[in-house]
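Worksheet: the structure to be examined is printed underneath.
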Amino acid sequence: MRNKTQVAATTTRLLQNARYEVLPTASIEDKLLEHVPVDRTITVTASPSKGLEPTLDLTERLTGHGYVAVPHLAARMVRDRAELAEICERLTGKGITRVFVPGGDADPPGAYPDALSMLEDLADLGRPFPHVGITGYPESHPTINDDLTIQSMWDKRRYATHVVSNLTFDPSVLSAWVRRMRGRGITMPLLLGLPGPVDRTKLLSMAGKIGVGESTRFLNKHKGTFARLAAPGGFTGEKFLQKCAAELSAPEMGVEGVHVFTFNQVAETERWRTALLDQLRSRR
């Protein structure tokens, strides 16, 4: 009973500390305003085909509406240090205090081939953002050795405040990875990457609206996600969270919340989160 109570308490805490990732499409601002309360943190992705402007613009508008909005400043998409300084001045001028810094997929890159090199310049610019997130990879990165991804987090620990795990569907893989991180001395708080409740038809439709080249990247990047979510009796966020909570509830694991990949299905995601919280409360 005590374990079930602990799992329920941890799952509740993770859901209460959930933030939503969205793509900066034309309709997403209205969807968020209609369906998502302003107490949710919203992160805004960056697209190599569209550049950083849609990301920065949506982040500013959401901040104006009262959300805590977090732009993805993909390092390979930033031209040089001068542009980075301009971005920092622009965002801080709007009261934005949080950024997420992935390496990004732009090819060829600008002055920054990876996230670490840009994080170093952010530090030289006076650390303008109190909250800086970086990516972690529980499963193998397609182009980077697993040992190097762990080493990369270690190298970035002086510049970042938290880690966001990339998608995985295996709680045991995630648990082993977190233990490996902590054993390496990487102590930053962790947000677990989690797919929201995705309707495959809507997801495919949305992918078709974000530009031909970008849609191809989107579909290639998430084709495994489609298969897992569409399979009968397949992945569900509730089961995943409960299994993670059983393994990762100890304070030393440092798991503070979830980062939900909504694929812009924000209404469905918020309904799922609140319904699951209601179920957990009713079981007490």
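Starting from 1 in every chain, residues are counted up; chains themselves are A, B, ... following the order of the structure tokens, and ligands are numbered from 1 as listed.
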
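Neighbours of Pro197 in chain A closer than or equal to 8 Å, with only C-alpha atoms counted and sequence neighbours fewer than 5 positions away skipped, come out as Thr236, Gly237, Thr262, Gln265, Glu268, Thr269 and Trp272 of chain A.
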
Mind writing the picked residues with N, CA and C atoms as a compact mmCIF listing (two decimals), in the first residue's frame?
# COMPACT_ATOMS: atom_id res chain seq x y z
N THR A 236 0.67 4.01 -23.28
CA THR A 236 -0.19 5.03 -22.68
C THR A 236 0.63 5.82 -21.68
N GLY A 237 0.38 7.11 -21.61
CA GLY A 237 1.12 7.95 -20.70
C GLY A 237 0.93 7.57 -19.24
N THR A 262 3.43 17.68 -27.24
CA THR A 262 2.00 17.70 -27.56
C THR A 262 1.72 17.52 -29.04
N GLN A 265 -1.42 19.13 -30.21
CA GLN A 265 -2.75 18.68 -29.79
C GLN A 265 -2.92 19.05 -28.31
N GLU A 268 -6.33 18.11 -26.28
CA GLU A 268 -6.34 16.71 -25.87
C GLU A 268 -5.35 16.47 -24.72
N THR A 269 -4.20 17.12 -24.80
CA THR A 269 -3.17 16.94 -23.78
C THR A 269 -3.63 17.48 -22.43
N TRP A 272 -6.30 15.23 -20.95
CA TRP A 272 -5.69 14.01 -20.42
C TRP A 272 -5.02 14.27 -19.06

Q: Write out as a ChimeraX atom specification each polymer residue whose atoms come within 12 Å of Thr5 in chain A, counting only C-alpha atoms; drop sequence neighbours fewer than 6 positions from it.
A: /A:11-12,242,245-246,249,280-281,283-284

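Taking only range 5-59 of chain A, the residues that DSSP calls alpha helix (DSSP H) from the backbone come to Thr5, Gln6, Val7, Ala8, Ala9, Thr10, Thr11, Thr12, Arg13, Leu14, Leu15, Gln16, Ile28, Glu29, Asp30, Lys31, Leu32, Leu33, Glu34, His35, Glu53, Pro54, Thr55, Leu56, Asp57, Leu58 and Thr59 of chain A.
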
Using N, CA and C atoms, can you export the residues from the last selection as a tab-separated table (two decimals), in the first residue's frame?
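New file out.tsv:
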chain	number	residue	atom	x	y	z
A	5	THR	N	0.84	4.23	-2.71
A	5	THR	CA	0.64	5.62	-2.29
A	5	THR	C	1.78	6.50	-2.78
A	6	GLN	N	2.99	5.99	-2.69
A	6	GLN	CA	4.15	6.74	-3.15
A	6	GLN	C	4.12	6.96	-4.65
A	7	VAL	N	3.75	5.91	-5.40
A	7	VAL	CA	3.66	6.03	-6.85
A	7	VAL	C	2.61	7.07	-7.24
A	8	ALA	N	1.44	7.03	-6.57
A	8	ALA	CA	0.38	8.00	-6.87
A	8	ALA	C	0.83	9.42	-6.54
A	9	ALA	N	1.53	9.58	-5.42
A	9	ALA	CA	1.99	10.91	-5.03
A	9	ALA	C	3.03	11.43	-6.01
A	10	THR	N	3.93	10.56	-6.46
A	10	THR	CA	4.96	10.99	-7.42
A	10	THR	C	4.34	11.31	-8.76
A	11	THR	N	3.41	10.46	-9.22
A	11	THR	CA	2.74	10.73	-10.50
A	11	THR	C	1.99	12.05	-10.45
A	12	THR	N	1.32	12.32	-9.34
A	12	THR	CA	0.61	13.58	-9.18
A	12	THR	C	1.57	14.76	-9.26
A	13	ARG	N	2.68	14.65	-8.57
A	13	ARG	CA	3.67	15.74	-8.57
A	13	ARG	C	4.21	15.99	-9.98
A	14	LEU	N	4.50	14.92	-10.71
A	14	LEU	CA	5.03	15.09	-12.06
A	14	LEU	C	4.01	15.76	-12.97
A	15	LEU	N	2.74	15.37	-12.86
A	15	LEU	CA	1.70	15.96	-13.69
A	15	LEU	C	1.43	17.41	-13.33
A	16	GLN	N	1.54	17.72	-12.05
A	16	GLN	CA	1.34	19.11	-11.62
A	16	GLN	C	2.47	20.00	-12.14
A	28	ILE	N	-1.62	27.74	-33.35
A	28	ILE	CA	-1.36	27.23	-32.01
A	28	ILE	C	-1.63	28.25	-30.92
A	29	GLU	N	-1.41	29.53	-31.18
A	29	GLU	CA	-1.66	30.54	-30.15
A	29	GLU	C	-3.12	30.52	-29.71
A	30	ASP	N	-4.03	30.49	-30.67
A	30	ASP	CA	-5.46	30.47	-30.32
A	30	ASP	C	-5.83	29.19	-29.60
A	31	LYS	N	-5.26	28.07	-30.00
A	31	LYS	CA	-5.54	26.79	-29.33
A	31	LYS	C	-5.11	26.83	-27.87
A	32	LEU	N	-3.94	27.37	-27.63
A	32	LEU	CA	-3.45	27.47	-26.25
A	32	LEU	C	-4.36	28.36	-25.42
A	33	LEU	N	-4.70	29.52	-25.96
A	33	LEU	CA	-5.54	30.45	-25.21
A	33	LEU	C	-6.91	29.84	-24.89
A	34	GLU	N	-7.42	29.01	-25.79
A	34	GLU	CA	-8.74	28.42	-25.58
A	34	GLU	C	-8.71	27.25	-24.60
A	35	HIS	N	-7.63	26.48	-24.63
A	35	HIS	CA	-7.66	25.18	-23.93
A	35	HIS	C	-6.66	25.03	-22.78
A	53	GLU	N	12.73	33.18	-36.07
A	53	GLU	CA	11.77	34.27	-35.88
A	53	GLU	C	10.39	33.78	-35.42
A	54	PRO	N	9.78	32.74	-36.04
A	54	PRO	CA	8.48	32.28	-35.54
A	54	PRO	C	8.54	31.82	-34.09
A	55	THR	N	9.65	31.21	-33.70
A	55	THR	CA	9.82	30.76	-32.32
A	55	THR	C	9.87	31.94	-31.37
A	56	LEU	N	10.67	32.93	-31.70
A	56	LEU	CA	10.81	34.10	-30.83
A	56	LEU	C	9.51	34.90	-30.77
A	57	ASP	N	8.86	35.04	-31.92
A	57	ASP	CA	7.62	35.82	-31.98
A	57	ASP	C	6.53	35.17	-31.13
A	58	LEU	N	6.34	33.86	-31.28
A	58	LEU	CA	5.30	33.18	-30.50
A	58	LEU	C	5.64	33.22	-29.01
A	59	THR	N	6.90	33.04	-28.67
A	59	THR	CA	7.32	33.11	-27.27
A	59	THR	C	6.95	34.46	-26.66

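Using only C-alpha atoms, the residues found no farther than 10 Å from Glu139 in chain A, other than those of its own chain fewer than 5 positions away, are A:Asp146, A:Ser165, A:Asn166, A:Leu167, A:Thr168, A:Phe169, A:Asp170, A:Val173, A:Leu174, A:Trp177.
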
Keeping all heavy atoms for every residue in the selection just given, could you write it to a file as a compact mmCIF listing (two decimals), in the first residue's frame?
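Written output follows (result_4.txt):
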# COMPACT_ATOMS: atom_id res chain seq x y z
N ASP A 146 26.52 6.98 -27.07
CA ASP A 146 25.88 7.15 -25.77
C ASP A 146 26.83 7.73 -24.72
O ASP A 146 26.44 8.58 -23.92
CB ASP A 146 25.34 5.81 -25.26
CG ASP A 146 24.10 5.35 -26.04
OD1 ASP A 146 23.54 6.18 -26.78
OD2 ASP A 146 23.72 4.19 -25.90
N SER A 165 14.63 15.13 -20.88
CA SER A 165 14.93 13.88 -21.58
C SER A 165 14.16 13.80 -22.89
O SER A 165 13.00 14.19 -22.97
CB SER A 165 14.61 12.67 -20.70
OG SER A 165 13.22 12.51 -20.52
N ASN A 166 14.83 13.28 -23.90
CA ASN A 166 14.17 13.03 -25.17
C ASN A 166 13.20 11.86 -25.00
O ASN A 166 13.23 11.15 -24.00
CB ASN A 166 15.22 12.72 -26.25
CG ASN A 166 14.73 13.02 -27.64
OD1 ASN A 166 13.69 13.64 -27.82
ND2 ASN A 166 15.48 12.58 -28.63
N LEU A 167 12.34 11.65 -26.00
CA LEU A 167 11.32 10.61 -25.88
C LEU A 167 11.92 9.22 -25.73
O LEU A 167 12.86 8.84 -26.42
CB LEU A 167 10.44 10.62 -27.13
CG LEU A 167 9.33 11.66 -27.21
CD1 LEU A 167 8.61 11.54 -28.54
CD2 LEU A 167 8.36 11.51 -26.07
N THR A 168 11.37 8.47 -24.81
CA THR A 168 11.60 7.03 -24.72
C THR A 168 10.31 6.39 -24.25
O THR A 168 9.49 7.04 -23.59
CB THR A 168 12.75 6.69 -23.76
OG1 THR A 168 12.92 5.27 -23.74
CG2 THR A 168 12.46 7.15 -22.34
N PHE A 169 10.10 5.13 -24.62
CA PHE A 169 8.87 4.43 -24.24
C PHE A 169 9.14 3.32 -23.25
O PHE A 169 8.24 2.56 -22.91
CB PHE A 169 8.18 3.87 -25.49
CG PHE A 169 7.71 4.92 -26.45
CD1 PHE A 169 8.55 5.39 -27.44
CD2 PHE A 169 6.45 5.46 -26.34
CE1 PHE A 169 8.12 6.37 -28.33
CE2 PHE A 169 6.01 6.44 -27.22
CZ PHE A 169 6.85 6.90 -28.21
N ASP A 170 10.39 3.22 -22.80
CA ASP A 170 10.78 2.11 -21.93
C ASP A 170 11.20 2.65 -20.56
O ASP A 170 12.29 3.22 -20.43
CB ASP A 170 11.94 1.35 -22.58
CG ASP A 170 12.28 0.06 -21.84
OD1 ASP A 170 12.00 -0.02 -20.63
OD2 ASP A 170 12.83 -0.85 -22.48
N VAL A 173 14.70 1.54 -19.39
CA VAL A 173 15.79 2.26 -20.06
C VAL A 173 15.97 3.64 -19.44
O VAL A 173 17.09 4.08 -19.16
CB VAL A 173 15.51 2.37 -21.57
CG1 VAL A 173 16.45 3.37 -22.23
CG2 VAL A 173 15.64 1.01 -22.24
N LEU A 174 14.85 4.31 -19.20
CA LEU A 174 14.90 5.64 -18.60
C LEU A 174 15.52 5.59 -17.21
O LEU A 174 16.39 6.41 -16.86
CB LEU A 174 13.49 6.23 -18.54
CG LEU A 174 13.38 7.64 -17.97
CD1 LEU A 174 14.12 8.64 -18.84
CD2 LEU A 174 11.92 8.04 -17.83
N TRP A 177 19.23 5.04 -17.32
CA TRP A 177 19.90 6.26 -17.80
C TRP A 177 20.00 7.31 -16.70
O TRP A 177 21.05 7.93 -16.52
CB TRP A 177 19.15 6.78 -19.01
CG TRP A 177 19.65 8.10 -19.53
CD1 TRP A 177 20.79 8.32 -20.24
CD2 TRP A 177 18.99 9.37 -19.42
NE1 TRP A 177 20.89 9.65 -20.57
CE2 TRP A 177 19.80 10.31 -20.08
CE3 TRP A 177 17.80 9.78 -18.83
CZ2 TRP A 177 19.45 11.66 -20.16
CZ3 TRP A 177 17.45 11.11 -18.90
CH2 TRP A 177 18.27 12.05 -19.55

**Q.** For Pro128 in chain A: contacts at 10 Å, only C-alpha atoms, fewer than 2 positions along chain excluded, given as a VMD selection string
**A.** chain A and resid 85 88 to 89 91 to 92 96 to 99 122 to 126 130 to 132

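Across A:Gly51, A:Gly110, A:Gly193, A:Gly185, the tightest approach to Asp155 in chain A is made by A:Gly185 when counting only C-alpha atoms.
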
Q.
When you count only C-alpha atoms, which of these residues is closest to Val44 in chain A: A:Val101, A:Val258, A:Val163, A:Leu276?
A.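 Ranked by minimum distance to Val44 in chain A, first place goes to A:Val101.
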
Q.
Residues near range 47-50 of chain A, anyone? I mean within 9 Å using only C-alpha atoms, not counting same-chain ones fewer than 3 positions away, as a list in words.
A.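 Contacts, with the query itself left out: Leu23, Pro24, Glu53, Pro54, Thr55, Ala74, Arg76, Met77, Gly104, Asp105, Ala106, Asp107, Gly211, Gly213 and Glu214 of chain A.
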
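Between CA of Ser152 in chain A and CA of Tyr137 in chain A lies a distance of 10.5 Å.
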
(Q) Measuring between only C-alpha atoms, which one of A:Arg81, A:Ala46, A:Arg179, A:Gly95 shows the shortest distance to Thr63 in chain A? (A)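 Result for the nearest residue to Thr63 in chain A: A:Gly95.
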
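Here CA of Val70 in chain A and CA of Met253 in chain A stand 24.1 Å from one another.
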
Q. What gap, in Å, lies between CA of Trp154 in chain A and CA of Met181 in chain A?
A.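 If I compute the distance from CA of Trp154 in chain A to CA of Met181 in chain A, I get 8.6 Å.
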